[in-house]
>>> print(open('target_1.cif').read())   # mmCIF, C-alpha atoms and all ligand atoms
data_data
#
loop_
_atom_site.label_atom_id
_atom_site.label_comp_id
_atom_site.auth_asym_id
_atom_site.auth_seq_id
_atom_site.Cartn_x
_atom_site.Cartn_y
_atom_site.Cartn_z
CA MET A 20 52.09 -253.05 -104.95
CA GLY A 21 53.64 -252.06 -108.28
CA LEU A 22 50.46 -252.98 -110.08
CA GLN A 23 48.41 -251.00 -107.62
CA LEU A 24 50.59 -247.94 -108.25
CA THR A 25 50.34 -248.20 -112.01
CA LEU A 26 46.59 -248.59 -111.81
CA THR A 27 46.21 -245.54 -109.61
CA HIS A 28 48.48 -243.61 -111.91
CA ASP A 29 46.51 -244.59 -115.00
CA SER A 30 43.15 -243.89 -113.49
CA LEU A 31 44.35 -240.46 -112.41
CA ASP A 32 45.54 -239.81 -115.96
CA ASP A 33 42.08 -240.79 -117.14
CA ILE A 34 40.43 -238.39 -114.78
CA PHE A 35 42.74 -235.52 -115.70
CA ASN A 36 42.52 -236.16 -119.43
CA LYS A 37 38.75 -236.27 -119.22
CA ALA A 38 38.75 -232.96 -117.37
CA LEU A 39 41.10 -231.43 -119.99
CA SER A 40 39.19 -232.60 -123.01
CA SER A 41 35.61 -232.44 -121.83
CA PRO A 42 33.42 -229.57 -122.98
CA LYS A 43 33.28 -226.96 -120.26
CA LEU A 44 29.70 -226.71 -119.07
CA PHE A 45 30.16 -224.11 -116.36
CA GLN A 46 31.02 -220.55 -117.15
CA THR A 47 30.57 -219.15 -113.62
CA HIS A 48 30.10 -221.96 -111.16
CA ASP A 49 29.74 -219.46 -108.31
CA ALA A 50 26.48 -218.14 -109.76
CA LEU A 51 24.83 -221.30 -108.42
CA ARG A 52 26.16 -220.97 -104.89
CA SER A 53 23.39 -220.43 -102.38
CA ASP A 54 24.93 -217.19 -101.09
CA TYR A 55 25.30 -215.66 -104.55
CA VAL A 56 23.09 -212.59 -104.93
CA PRO A 57 22.00 -212.04 -108.55
CA HIS A 58 21.50 -208.45 -109.76
CA TYR A 59 18.08 -209.27 -111.09
CA LEU A 60 15.54 -210.84 -108.74
CA PRO A 61 12.36 -211.61 -110.71
CA PHE A 62 9.01 -211.76 -108.83
CA ARG A 63 10.34 -209.82 -105.90
CA GLN A 64 9.76 -206.27 -107.14
CA ASP A 65 7.09 -205.55 -104.49
CA GLN A 66 9.31 -206.76 -101.68
CA ILE A 67 12.30 -204.83 -103.02
CA THR A 68 10.19 -201.67 -103.26
CA SER A 69 8.75 -201.99 -99.73
CA THR A 70 12.17 -202.66 -98.23
CA GLY A 71 13.69 -199.77 -100.18
CA GLN A 72 10.91 -197.39 -99.10
CA THR A 73 11.31 -198.36 -95.47
CA LEU A 74 15.06 -197.67 -95.54
CA ALA A 75 15.00 -194.54 -97.74
CA PRO A 76 14.84 -192.07 -94.78
CA ILE A 77 18.51 -192.94 -94.16
CA LEU A 78 19.31 -190.79 -97.20
CA GLN A 79 17.86 -187.82 -95.31
CA ALA A 80 19.70 -188.73 -92.13
CA SER A 81 16.52 -189.86 -90.35
CA LYS A 82 15.94 -193.11 -88.57
CA PRO A 83 13.91 -195.56 -90.66
CA SER A 84 11.18 -197.72 -89.16
CA SER A 85 12.23 -201.14 -88.00
CA LEU A 86 11.41 -203.89 -90.46
CA LEU A 87 10.40 -207.48 -89.92
CA ILE A 88 10.61 -209.75 -92.93
CA TYR A 89 9.26 -213.23 -92.98
CA GLY A 90 8.58 -216.13 -95.30
CA LYS A 91 9.60 -219.77 -95.69
CA THR A 92 13.17 -220.75 -96.58
CA GLY A 93 14.19 -220.19 -100.17
CA THR A 94 11.71 -217.40 -100.84
CA GLY A 95 14.44 -214.83 -101.51
CA LYS A 96 14.48 -212.93 -98.21
CA THR A 97 18.24 -212.88 -97.73
CA ALA A 98 18.88 -212.13 -101.41
CA VAL A 99 16.42 -209.21 -101.44
CA VAL A 100 17.71 -207.62 -98.24
CA LYS A 101 21.35 -207.94 -99.32
CA HIS A 102 20.46 -206.50 -102.72
CA VAL A 103 18.67 -203.49 -101.20
CA ILE A 104 21.33 -202.67 -98.60
CA THR A 105 24.12 -203.02 -101.16
CA LYS A 106 22.35 -200.55 -103.47
CA LEU A 107 21.61 -198.16 -100.63
CA ASP A 108 25.19 -198.35 -99.41
CA GLU A 109 26.41 -197.48 -102.92
CA THR A 110 24.04 -194.52 -103.12
CA CYS A 111 25.16 -193.29 -99.69
CA LYS A 112 28.80 -193.49 -100.76
CA THR A 113 28.33 -191.61 -104.03
CA LYS A 114 26.27 -188.90 -102.27
CA HIS A 115 28.69 -188.69 -99.31
CA ILE A 116 25.96 -189.59 -96.85
CA HIS A 117 27.33 -191.36 -93.85
CA ALA A 118 25.62 -194.64 -92.91
CA GLU A 119 26.72 -198.16 -92.05
CA PHE A 120 24.98 -201.35 -93.10
CA ILE A 121 25.83 -204.46 -91.17
CA TYR A 122 24.53 -207.90 -92.05
CA THR A 123 24.76 -210.82 -89.70
CA ASN A 124 23.35 -214.31 -89.78
CA VAL A 125 22.37 -215.02 -86.23
CA ARG A 126 22.48 -218.79 -86.57
CA THR A 127 26.01 -218.72 -88.00
CA ALA A 128 27.12 -216.22 -85.35
CA GLY A 129 25.82 -218.67 -82.77
CA THR A 130 25.91 -216.67 -79.53
CA GLU A 131 24.58 -213.32 -78.33
CA TYR A 132 28.15 -212.22 -77.71
CA ARG A 133 29.20 -212.98 -81.30
CA ILE A 134 26.17 -211.12 -82.63
CA LEU A 135 27.11 -208.03 -80.67
CA ALA A 136 30.76 -208.48 -81.63
CA GLU A 137 29.77 -208.40 -85.31
CA LEU A 138 27.84 -205.20 -84.75
CA ALA A 139 30.83 -203.72 -82.91
CA THR A 140 33.28 -204.69 -85.67
CA GLY A 141 30.87 -203.33 -88.29
CA ILE A 142 30.91 -199.88 -86.69
CA GLY A 143 34.69 -199.96 -86.37
CA LEU A 144 34.90 -200.74 -82.68
CA SER A 145 37.19 -203.55 -81.65
CA ILE A 146 36.23 -205.67 -78.66
CA PRO A 147 37.87 -208.82 -77.30
CA PHE A 148 36.67 -212.22 -78.60
CA THR A 149 35.32 -213.15 -75.19
CA GLY A 150 35.47 -212.04 -71.64
CA LEU A 151 33.25 -208.96 -71.46
CA ALA A 152 29.73 -209.02 -70.07
CA LEU A 153 27.04 -208.50 -72.72
CA THR A 154 25.88 -205.31 -71.04
CA GLU A 155 29.44 -203.99 -71.18
CA VAL A 156 29.73 -204.67 -74.93
CA LEU A 157 26.36 -203.08 -75.51
CA SER A 158 27.25 -199.98 -73.59
CA ARG A 159 30.57 -199.62 -75.46
CA VAL A 160 28.68 -199.96 -78.75
CA GLN A 161 26.17 -197.32 -77.71
CA GLN A 162 28.83 -194.97 -76.49
CA HIS A 163 30.80 -195.32 -79.72
CA MET A 164 27.67 -194.73 -81.79
CA ARG A 165 26.69 -191.64 -79.82
CA ALA A 166 30.20 -190.19 -79.89
CA ASN A 167 30.51 -190.69 -83.66
CA GLN A 168 26.87 -189.89 -84.46
CA LEU A 169 26.48 -193.11 -86.42
CA HIS A 170 23.49 -194.00 -88.56
CA THR A 171 23.58 -197.75 -88.50
CA THR A 172 21.33 -200.41 -90.01
CA PHE A 173 21.75 -203.85 -88.49
CA VAL A 174 20.30 -206.87 -90.32
CA LEU A 175 19.64 -209.90 -88.14
CA ASP A 176 19.03 -212.82 -90.51
CA GLU A 177 17.37 -215.96 -89.12
CA ILE A 178 16.33 -213.92 -86.12
CA ASP A 179 13.89 -216.67 -85.05
CA TYR A 180 16.95 -218.71 -84.04
CA LEU A 181 18.09 -215.93 -81.70
CA VAL A 182 14.77 -215.78 -79.89
CA LYS A 183 14.35 -219.57 -79.69
CA SER A 184 17.85 -220.03 -78.24
CA PHE A 185 18.25 -217.03 -75.98
CA GLY A 186 14.87 -215.32 -75.55
CA ASP A 187 14.18 -211.73 -76.59
CA ASP A 188 16.31 -209.72 -74.13
CA LEU A 189 19.03 -208.85 -76.62
CA LEU A 190 16.42 -207.78 -79.15
CA TYR A 191 14.84 -205.59 -76.54
CA GLN A 192 18.18 -203.92 -75.88
CA LEU A 193 18.93 -203.47 -79.56
CA THR A 194 15.53 -202.06 -80.48
CA ASN A 195 15.81 -199.73 -77.50
CA THR A 196 19.28 -198.47 -78.36
CA SER A 197 18.22 -195.54 -80.54
CA SER A 198 16.41 -193.84 -77.66
CA ASN A 199 19.72 -193.74 -75.74
CA ILE A 200 21.96 -192.40 -78.48
CA SER A 201 19.91 -189.84 -80.38
CA PRO A 202 20.57 -188.20 -82.84
CA ALA A 203 22.63 -191.28 -83.76
CA PHE A 204 20.44 -194.33 -84.44
CA LEU A 205 20.45 -198.08 -84.80
CA SER A 206 17.72 -199.42 -87.07
CA ILE A 207 16.96 -203.11 -87.03
CA ILE A 208 15.91 -205.38 -89.88
CA GLY A 209 14.87 -208.85 -88.70
CA ILE A 210 14.48 -211.76 -91.12
CA SER A 211 12.61 -214.88 -90.01
CA ASN A 212 12.05 -218.23 -91.73
CA ASP A 213 9.49 -219.12 -89.12
CA LEU A 214 6.06 -217.66 -89.77
CA LYS A 215 4.98 -218.13 -86.16
CA PHE A 216 8.02 -216.26 -84.86
CA LYS A 217 5.97 -213.24 -83.75
CA GLU A 218 4.10 -215.35 -81.21
CA GLU A 219 7.36 -215.92 -79.36
CA LEU A 220 8.12 -212.24 -78.91
CA GLY A 221 7.05 -210.22 -75.91
CA ALA A 222 4.62 -207.39 -76.75
CA ARG A 223 7.18 -204.62 -76.09
CA VAL A 224 9.75 -206.15 -78.46
CA LEU A 225 7.18 -207.03 -81.10
CA SER A 226 5.86 -203.49 -81.38
CA ARG A 227 9.39 -202.09 -81.66
CA LEU A 228 10.66 -204.67 -84.10
CA SER A 229 7.77 -204.79 -86.53
CA GLU A 230 6.94 -201.18 -87.30
CA GLU A 231 6.92 -202.36 -90.92
CA GLU A 232 6.48 -205.91 -92.17
CA VAL A 233 7.11 -207.58 -95.51
CA VAL A 234 5.95 -211.09 -96.31
CA PHE A 235 7.62 -213.35 -98.89
CA PRO A 236 5.30 -215.97 -100.42
CA PRO A 237 6.66 -219.27 -101.81
CA TYR A 238 7.42 -219.35 -105.55
CA SER A 239 5.25 -221.27 -108.00
CA ALA A 240 6.87 -223.85 -110.28
CA ILE A 241 6.47 -221.40 -113.19
CA GLU A 242 8.24 -218.63 -111.28
CA LEU A 243 11.04 -221.02 -110.33
CA LYS A 244 11.45 -221.84 -114.00
CA THR A 245 12.15 -218.20 -114.85
CA ILE A 246 14.48 -217.82 -111.86
CA LEU A 247 16.43 -220.93 -112.88
CA GLN A 248 16.63 -219.85 -116.52
CA GLU A 249 18.25 -216.57 -115.45
CA ARG A 250 20.68 -218.38 -113.17
CA ALA A 251 21.50 -221.01 -115.78
CA LYS A 252 22.37 -218.28 -118.31
CA LEU A 253 24.88 -216.85 -115.82
CA ALA A 254 26.27 -220.16 -114.68
CA PHE A 255 26.62 -222.23 -117.87
CA ASN A 256 28.28 -221.59 -121.17
CA PRO A 257 25.87 -220.85 -124.06
CA GLY A 258 24.07 -223.94 -125.34
CA LYS A 259 25.26 -226.10 -122.45
CA PHE A 260 21.88 -226.71 -120.81
CA THR A 261 18.57 -227.92 -122.14
CA GLU A 262 15.25 -226.24 -121.46
CA ALA A 263 13.90 -229.64 -120.38
CA ALA A 264 16.52 -229.96 -117.63
CA ILE A 265 15.62 -226.51 -116.27
CA ASN A 266 11.91 -227.32 -116.36
CA LEU A 267 12.48 -230.54 -114.47
CA CYS A 268 14.51 -228.78 -111.75
CA ALA A 269 11.71 -226.22 -111.37
CA ALA A 270 8.96 -228.83 -111.30
CA LEU A 271 10.77 -230.98 -108.74
CA SER A 272 11.40 -228.02 -106.41
CA GLY A 273 8.19 -226.08 -106.94
CA SER A 274 5.51 -228.67 -106.47
CA GLU A 275 6.04 -229.08 -102.73
CA HIS A 276 7.90 -226.13 -101.33
CA GLY A 277 8.30 -223.22 -103.74
CA ASP A 278 11.86 -223.09 -102.47
CA ALA A 279 14.37 -221.37 -104.78
CA ARG A 280 17.31 -222.59 -102.71
CA ARG A 281 16.41 -226.22 -103.36
CA ALA A 282 15.91 -225.45 -107.03
CA VAL A 283 19.28 -223.70 -107.38
CA ASP A 284 21.05 -226.46 -105.41
CA LEU A 285 19.49 -229.09 -107.62
CA LEU A 286 20.60 -227.22 -110.74
CA ARG A 287 24.16 -226.89 -109.44
CA ILE A 288 24.49 -230.55 -108.50
CA ALA A 289 22.93 -231.64 -111.80
CA GLY A 290 25.50 -229.48 -113.60
CA GLU A 291 28.30 -231.10 -111.63
CA VAL A 292 26.96 -234.56 -112.45
CA ALA A 293 26.83 -233.69 -116.15
CA GLU A 294 30.32 -232.21 -116.15
CA ARG A 295 31.82 -235.21 -114.37
CA ASP A 296 30.01 -237.41 -116.86
CA GLY A 297 31.76 -235.59 -119.71
CA ALA A 298 28.34 -234.72 -121.18
CA HIS A 299 28.02 -232.02 -123.82
CA GLN A 300 24.93 -230.57 -122.25
CA LEU A 301 23.02 -230.62 -119.00
CA GLU A 302 20.05 -232.91 -119.57
CA GLU A 303 17.06 -234.26 -117.67
CA ARG A 304 18.82 -237.48 -116.72
CA HIS A 305 21.48 -235.52 -114.85
CA VAL A 306 18.78 -233.78 -112.86
CA ARG A 307 17.30 -237.14 -111.86
CA ILE A 308 20.69 -238.42 -110.71
CA ALA A 309 21.26 -235.18 -108.80
CA LEU A 310 17.92 -235.51 -107.04
CA GLN A 311 18.83 -239.02 -105.91
CA LYS A 312 22.16 -237.77 -104.67
CA ILE A 313 20.51 -234.98 -102.67
CA ASP A 314 18.07 -237.46 -101.10
CA GLN A 315 20.94 -239.79 -100.22
CA ASP A 316 22.91 -236.98 -98.62
CA ARG A 317 19.85 -235.99 -96.64
CA ILE A 318 19.44 -239.56 -95.36
CA SER A 319 23.14 -239.81 -94.63
CA ASP A 320 22.98 -236.61 -92.55
CA ALA A 321 19.95 -237.91 -90.67
CA LEU A 322 21.78 -241.17 -89.89
CA LYS A 323 24.92 -239.48 -88.66
CA THR A 324 23.07 -237.32 -86.16
CA LEU A 325 21.05 -240.16 -84.59
CA PRO A 326 21.76 -240.91 -80.92
CA LEU A 327 23.76 -244.13 -80.37
CA GLN A 328 20.79 -246.21 -79.17
CA ALA A 329 18.72 -245.22 -82.20
CA LYS A 330 21.62 -246.16 -84.49
CA LEU A 331 21.77 -249.59 -82.86
CA VAL A 332 18.02 -250.12 -83.26
CA LEU A 333 18.18 -249.14 -86.92
CA ILE A 334 21.12 -251.44 -87.61
CA ALA A 335 19.28 -254.25 -85.81
CA ALA A 336 16.22 -253.66 -88.02
CA VAL A 337 18.31 -253.75 -91.20
CA LYS A 338 20.14 -256.91 -90.12
CA THR A 339 16.98 -258.72 -89.05
CA ASN A 340 15.36 -257.77 -92.32
CA GLY A 341 18.19 -259.52 -94.14
CA HIS A 342 17.94 -262.70 -92.03
CA GLU A 343 14.22 -263.34 -92.10
CA GLN A 344 11.69 -264.31 -94.74
CA THR A 345 8.94 -262.10 -93.37
CA ARG A 346 9.16 -258.52 -92.21
CA PRO A 347 11.01 -258.30 -88.92
CA SER A 348 8.90 -257.95 -85.78
CA SER A 349 9.85 -255.69 -82.91
CA GLY A 350 10.63 -258.85 -80.91
CA SER A 351 13.29 -260.17 -83.29
CA ILE A 352 14.71 -256.67 -83.70
CA TYR A 353 15.03 -256.47 -79.95
CA ASP A 354 17.03 -259.73 -79.85
CA GLU A 355 19.40 -258.47 -82.53
CA TYR A 356 19.61 -255.09 -80.81
CA SER A 357 20.62 -256.75 -77.49
CA LYS A 358 23.47 -258.56 -79.27
CA LEU A 359 24.65 -255.28 -80.82
CA CYS A 360 24.56 -253.58 -77.43
CA GLN A 361 26.84 -256.27 -76.08
CA LEU A 362 29.29 -255.80 -78.96
CA ALA A 363 29.18 -252.03 -78.60
CA GLY A 364 29.47 -252.17 -74.82
CA ALA A 365 26.19 -250.29 -74.39
CA GLU A 366 23.55 -250.97 -71.77
CA PRO A 367 20.39 -252.27 -73.54
CA LEU A 368 17.21 -250.23 -73.04
CA THR A 369 13.83 -251.77 -72.20
CA THR A 370 11.57 -253.11 -74.98
CA ARG A 371 9.26 -250.21 -74.24
CA ARG A 372 11.98 -247.63 -74.92
CA ILE A 373 12.97 -249.50 -78.09
CA SER A 374 9.39 -249.36 -79.27
CA GLY A 375 9.57 -245.58 -78.74
CA LEU A 376 12.83 -245.35 -80.70
CA ILE A 377 11.27 -247.33 -83.57
CA SER A 378 8.44 -244.78 -83.70
CA GLU A 379 11.02 -241.97 -83.86
CA LEU A 380 12.84 -243.70 -86.72
CA ASP A 381 9.46 -243.99 -88.42
CA THR A 382 8.86 -240.24 -88.04
CA LEU A 383 12.26 -239.60 -89.64
CA GLY A 384 11.23 -241.80 -92.58
CA LEU A 385 14.06 -244.27 -91.92
CA VAL A 386 11.70 -247.20 -91.24
CA SER A 387 7.96 -247.87 -91.53
CA ALA A 388 6.41 -249.49 -88.50
CA ALA A 389 2.89 -250.90 -88.35
CA VAL A 390 1.08 -252.81 -85.64
CA ILE A 391 -0.42 -256.02 -86.96
CA ASN A 392 -3.29 -257.57 -85.06
CA TYR A 393 -3.48 -261.39 -85.03
CA GLY A 394 -6.77 -261.48 -83.13
CA ARG A 395 -6.52 -263.97 -80.32
CA TYR A 396 -2.87 -264.62 -81.18
CA GLY A 397 -2.04 -261.09 -80.08
CA ARG A 398 -0.45 -258.09 -81.79
CA THR A 399 3.01 -257.39 -82.96
CA LYS A 400 4.84 -254.47 -84.52
CA LYS A 401 6.28 -255.14 -87.98
CA VAL A 402 9.11 -252.92 -89.12
CA VAL A 403 10.33 -252.26 -92.66
CA PRO A 404 13.66 -250.45 -92.89
CA HIS A 405 14.02 -247.91 -95.70
CA VAL A 406 17.80 -247.91 -95.75
CA THR A 407 20.11 -250.63 -97.02
CA THR A 408 23.30 -251.98 -95.52
CA SER A 409 25.33 -250.11 -98.12
CA VAL A 410 23.69 -246.81 -97.17
CA LEU A 411 24.56 -247.52 -93.53
CA HIS A 412 28.13 -248.36 -94.51
CA GLN A 413 28.43 -245.10 -96.37
CA ALA A 414 26.95 -242.98 -93.57
CA PHE A 415 28.99 -244.56 -90.80
CA GLN A 416 32.29 -245.04 -92.62
CA THR A 417 34.02 -242.51 -90.38
CA ASP A 418 32.37 -243.89 -87.24
CA LEU A 419 34.60 -246.88 -86.50
CA ALA A 420 32.68 -248.23 -83.50
CA ILE A 421 29.47 -248.37 -85.53
CA SER A 422 30.88 -249.56 -88.84
CA GLN A 423 32.41 -252.57 -87.05
CA LEU A 424 28.92 -253.67 -86.07
CA LEU A 425 27.90 -253.72 -89.72
N1 LIG A 501 13.63 -213.91 -107.21
C1 LIG A 501 14.80 -214.56 -107.29
N2 LIG A 501 15.55 -214.50 -108.41
C2 LIG A 501 16.73 -215.14 -108.49
N3 LIG A 501 17.25 -215.89 -107.53
C3 LIG A 501 16.54 -216.01 -106.38
C4 LIG A 501 15.29 -215.35 -106.21
N4 LIG A 501 14.81 -215.66 -104.98
C5 LIG A 501 15.72 -216.48 -104.43
N5 LIG A 501 16.76 -216.69 -105.26
C6 LIG A 501 17.92 -217.53 -105.01
O1 LIG A 501 17.49 -218.67 -104.29
C7 LIG A 501 18.38 -218.97 -103.23
C8 LIG A 501 17.68 -218.84 -101.90
O2 LIG A 501 17.31 -217.50 -101.68
P1 LIG A 501 17.48 -216.80 -100.25
O3 LIG A 501 17.39 -215.34 -100.42
O4 LIG A 501 18.68 -217.33 -99.57
O5 LIG A 501 16.17 -217.36 -99.51
P2 LIG A 501 15.72 -217.18 -98.00
O6 LIG A 501 16.64 -216.19 -97.35
O7 LIG A 501 14.31 -216.70 -98.08
O8 LIG A 501 15.80 -218.54 -97.40
C9 LIG A 501 19.55 -218.03 -103.40
O9 LIG A 501 20.53 -218.66 -104.20
C10 LIG A 501 18.95 -216.84 -104.12
O10 LIG A 501 19.92 -216.17 -104.88
MG MG A 502 17.91 -216.62 -95.75
#
>>> encode(input="target_1.cif", output="structure tokens")
Amino acid sequence: MGLQLTLTHDSLDDIFNKALSSPKLFQTHDALRSDYVPHYLPFRQDQITSTGQTLAPILQASKPSSLLIYGKTGTGKTAVVKHVITKLDETCKTKHIHAEFIYTNVRTAGTEYRILAELATGIGLSIPFTGLALTEVLSRVQQHMRANQLHTTFVLDEIDYLVKSFGDDLLYQLTNTSSNISPAFLSIIGISNDLKFKEELGARVLSRLSEEEVVFPPYSAIELKTILQERAKLAFNPGKFTEAAINLCAALSGSEHGDARRAVDLLRIAGEVAERDGAHQLEERHVRIALQKIDQDRISDALKTLPLQAKLVLIAAVKTNGHEQTRPSSGSIYDEYSKLCQLAGAEPLTTRRISGLISELDTLGLVSAAVINYGRYGRTKKVVPHVTTSVLHQAFQTDLAISQLL
């Protein structure tokens, strides 16, 4: 016990001393957070201009056209819209023009009620957390807007989530609001990560919501490089990152997706790896470690959210793989799986269902399954797991029932 205490004490001292003496890599860690909006957004001038032009009528007290923005994740949609409305809000304030700008992320808000509640709060109207009918909230909002002659812009980010979860009724109501409250108005900006989102909207909502449209294309690896260089200059102290590390982050994120969020995340995690390492500079090797870490976290998240039966099948595949010389067949996995079910007190599914679950695990990239044909000896499915026991241990460490099975 005493020894244990001393050890812990010493190792803490080590950690703290290292932190005290190590060269500080980060200057502004927050500049690499995904919700940080930089003042300068390279390669988005066209989109900034179009968005600004669409909203400019607000400065003359007229209702702007509705605006629908779409593009894949990490193409700068949220950053551009926040940048434009912040600037416009500042201009309105200095010129004493009255206008409200309200931003909400629909996915984070979660329910139609919360979305409306955020709009209500944004225009200075307090409504209870729950309990009112949606139509009641909407009519209070409209009445308040009419009475106070408000000129309100409401940004609905990740609007595709709203329509997928709840249909387009609320959007219909919102896009229709201005006709009930004139000369007050509510102008809507919708942002969608899903390019096919428009197909899910009814014709009446679509025509009202997309009077103007702006598309955000993915970034090229070269563009990502410039974006990352700008961010790195803000985030790190001078001389604390190498050009090669930045280039590698850009190349790793640009080749497949053109996603600036992934690139910025990778840079942040690489910086954290380097700092923890006590390194004097962020280098390529830190980026490689960070990439591995991101992949592991992604796998860990996928594992945690599997349904119980799929977890059992995966564990059975990993265990069988350890026992046998050859790649495990679906038959031997099934035997192992049945034992696990007994231990876990779960009712085993049929071999057919298990075969289906193995295919799902394959789709998730957690195993590879292939049918091998032995001619007249029949066919069997061979399964190669892509996770190790230690990865399973790590993912399920807080899930006692499962970690016991390991
Ligand atoms: N042109 C750009 N310049 C600088 N940073 C950018 C640019 N485009 C995107 N980013 C950054 O990349 C990340 C993702 O951008 P975001 O606007 O959230 O993408 P989206 O909303 O399209 O998914 C954010 O950290 C954002 O600041
Ligand atoms: Mg976004």
>>> closest_atom_pairs(input="target_1.cif", of="chain A", to="ligand LIG 501 (chain A)", cutoff="6 Å", atoms="only C-alpha atoms and all ligand atoms", output="tab-separated table")
residue	atom	partner	partner_atom	distance
A:Ser53	CA	A:LIG501	O9	3.8
A:Asp54	CA	A:LIG501	O9	5.6
A:Tyr55	CA	A:LIG501	O10	5.4
A:Val56	CA	A:LIG501	O10	4.8
A:Pro57	CA	A:LIG501	O10	5.9
A:Leu60	CA	A:LIG501	N2	3.7
A:Pro61	CA	A:LIG501	N1	4.4
A:Phe62	CA	A:LIG501	N1	5.3
A:Arg63	CA	A:LIG501	N1	5.4
A:Thr92	CA	A:LIG501	O8	3.5
A:Gly93	CA	A:LIG501	O5	3.5
A:Thr94	CA	A:LIG501	O7	3.9
A:Gly95	CA	A:LIG501	O3	3.2
A:Lys96	CA	A:LIG501	O7	3.8
A:Thr97	CA	A:LIG501	O6	3.7
A:Ala98	CA	A:LIG501	O3	3.7
A:Ile246	CA	A:LIG501	C2	4.9
A:Ala279	CA	A:LIG501	O1	4.2
A:Arg280	CA	A:LIG501	C7	3.8
>>> closest_residue(input="target_1.cif", among="A:Leu51, A:Leu107, A:Val292, A:Val174", to="ligand MG 502 (chain A)", atoms="all atoms listed in the file")
A:Val174
>>> residues_around(input="target_1.cif", residues="region 350-355 of chain A", least_positions_apart="2", cutoff="12 Å", atoms="all atoms listed in the file", output="VMD selection string")
chain A and resid 328 331 to 343 345 to 348 357 to 362 367 to 374 376 to 377 388 398 to 404 424
>>> write_last_selection(input="target_1.cif", atoms="C-alpha atoms", output="PDB file, in the coordinates of the input")
ATOM      1  CA  GLN A 328      20.790-246.210 -79.170  1.00  0.00           C
ATOM      2  CA  LEU A 331      21.770-249.590 -82.860  1.00  0.00           C
ATOM      3  CA  VAL A 332      18.020-250.120 -83.260  1.00  0.00           C
ATOM      4  CA  LEU A 333      18.180-249.140 -86.920  1.00  0.00           C
ATOM      5  CA  ILE A 334      21.120-251.440 -87.610  1.00  0.00           C
ATOM      6  CA  ALA A 335      19.280-254.250 -85.810  1.00  0.00           C
ATOM      7  CA  ALA A 336      16.220-253.660 -88.020  1.00  0.00           C
ATOM      8  CA  VAL A 337      18.310-253.750 -91.200  1.00  0.00           C
ATOM      9  CA  LYS A 338      20.140-256.910 -90.120  1.00  0.00           C
ATOM     10  CA  THR A 339      16.980-258.720 -89.050  1.00  0.00           C
ATOM     11  CA  ASN A 340      15.360-257.770 -92.320  1.00  0.00           C
ATOM     12  CA  GLY A 341      18.190-259.520 -94.140  1.00  0.00           C
ATOM     13  CA  HIS A 342      17.940-262.700 -92.030  1.00  0.00           C
ATOM     14  CA  GLU A 343      14.220-263.340 -92.100  1.00  0.00           C
ATOM     15  CA  THR A 345       8.940-262.100 -93.370  1.00  0.00           C
ATOM     16  CA  ARG A 346       9.160-258.520 -92.210  1.00  0.00           C
ATOM     17  CA  PRO A 347      11.010-258.300 -88.920  1.00  0.00           C
ATOM     18  CA  SER A 348       8.900-257.950 -85.780  1.00  0.00           C
ATOM     19  CA  SER A 357      20.620-256.750 -77.490  1.00  0.00           C
ATOM     20  CA  LYS A 358      23.470-258.560 -79.270  1.00  0.00           C
ATOM     21  CA  LEU A 359      24.650-255.280 -80.820  1.00  0.00           C
ATOM     22  CA  CYS A 360      24.560-253.580 -77.430  1.00  0.00           C
ATOM     23  CA  GLN A 361      26.840-256.270 -76.080  1.00  0.00           C
ATOM     24  CA  LEU A 362      29.290-255.800 -78.960  1.00  0.00           C
ATOM     25  CA  PRO A 367      20.390-252.270 -73.540  1.00  0.00           C
ATOM     26  CA  LEU A 368      17.210-250.230 -73.040  1.00  0.00           C
ATOM     27  CA  THR A 369      13.830-251.770 -72.200  1.00  0.00           C
ATOM     28  CA  THR A 370      11.570-253.110 -74.980  1.00  0.00           C
ATOM     29  CA  ARG A 371       9.260-250.210 -74.240  1.00  0.00           C
ATOM     30  CA  ARG A 372      11.980-247.630 -74.920  1.00  0.00           C
ATOM     31  CA  ILE A 373      12.970-249.500 -78.090  1.00  0.00           C
ATOM     32  CA  SER A 374       9.390-249.360 -79.270  1.00  0.00           C
ATOM     33  CA  LEU A 376      12.830-245.350 -80.700  1.00  0.00           C
ATOM     34  CA  ILE A 377      11.270-247.330 -83.570  1.00  0.00           C
ATOM     35  CA  ALA A 388       6.410-249.490 -88.500  1.00  0.00           C
ATOM     36  CA  ARG A 398      -0.450-258.090 -81.790  1.00  0.00           C
ATOM     37  CA  THR A 399       3.010-257.390 -82.960  1.00  0.00           C
ATOM     38  CA  LYS A 400       4.840-254.470 -84.520  1.00  0.00           C
ATOM     39  CA  LYS A 401       6.280-255.140 -87.980  1.00  0.00           C
ATOM     40  CA  VAL A 402       9.110-252.920 -89.120  1.00  0.00           C
ATOM     41  CA  VAL A 403      10.330-252.260 -92.660  1.00  0.00           C
ATOM     42  CA  PRO A 404      13.660-250.450 -92.890  1.00  0.00           C
ATOM     43  CA  LEU A 424      28.920-253.670 -86.070  1.00  0.00           C
TER      44      LEU A 424
END
>>> closest_residue(input="target_1.cif", among="A:Arg395, A:Lys37, A:Lys114, A:Arg126", to="ligand MG 502 (chain A)", atoms="only C-alpha atoms and all ligand atoms")
A:Arg126
>>> atom_distance(input="target_1.cif", atom1="CA of Val306 (chain A)", atom2="CA of Ile265 (chain A)")
8.6 Å
>>> atom_distance(input="target_1.cif", atom1="CA of Gly258 (chain A)", atom2="CA of Ala298 (chain A)")
12.3 Å
>>> closest_residue(input="target_1.cif", among="A:Arg307, A:Arg133, A:Lys312, A:Lys259", to="Leu189 (chain A)", atoms="all atoms listed in the file")
A:Arg133
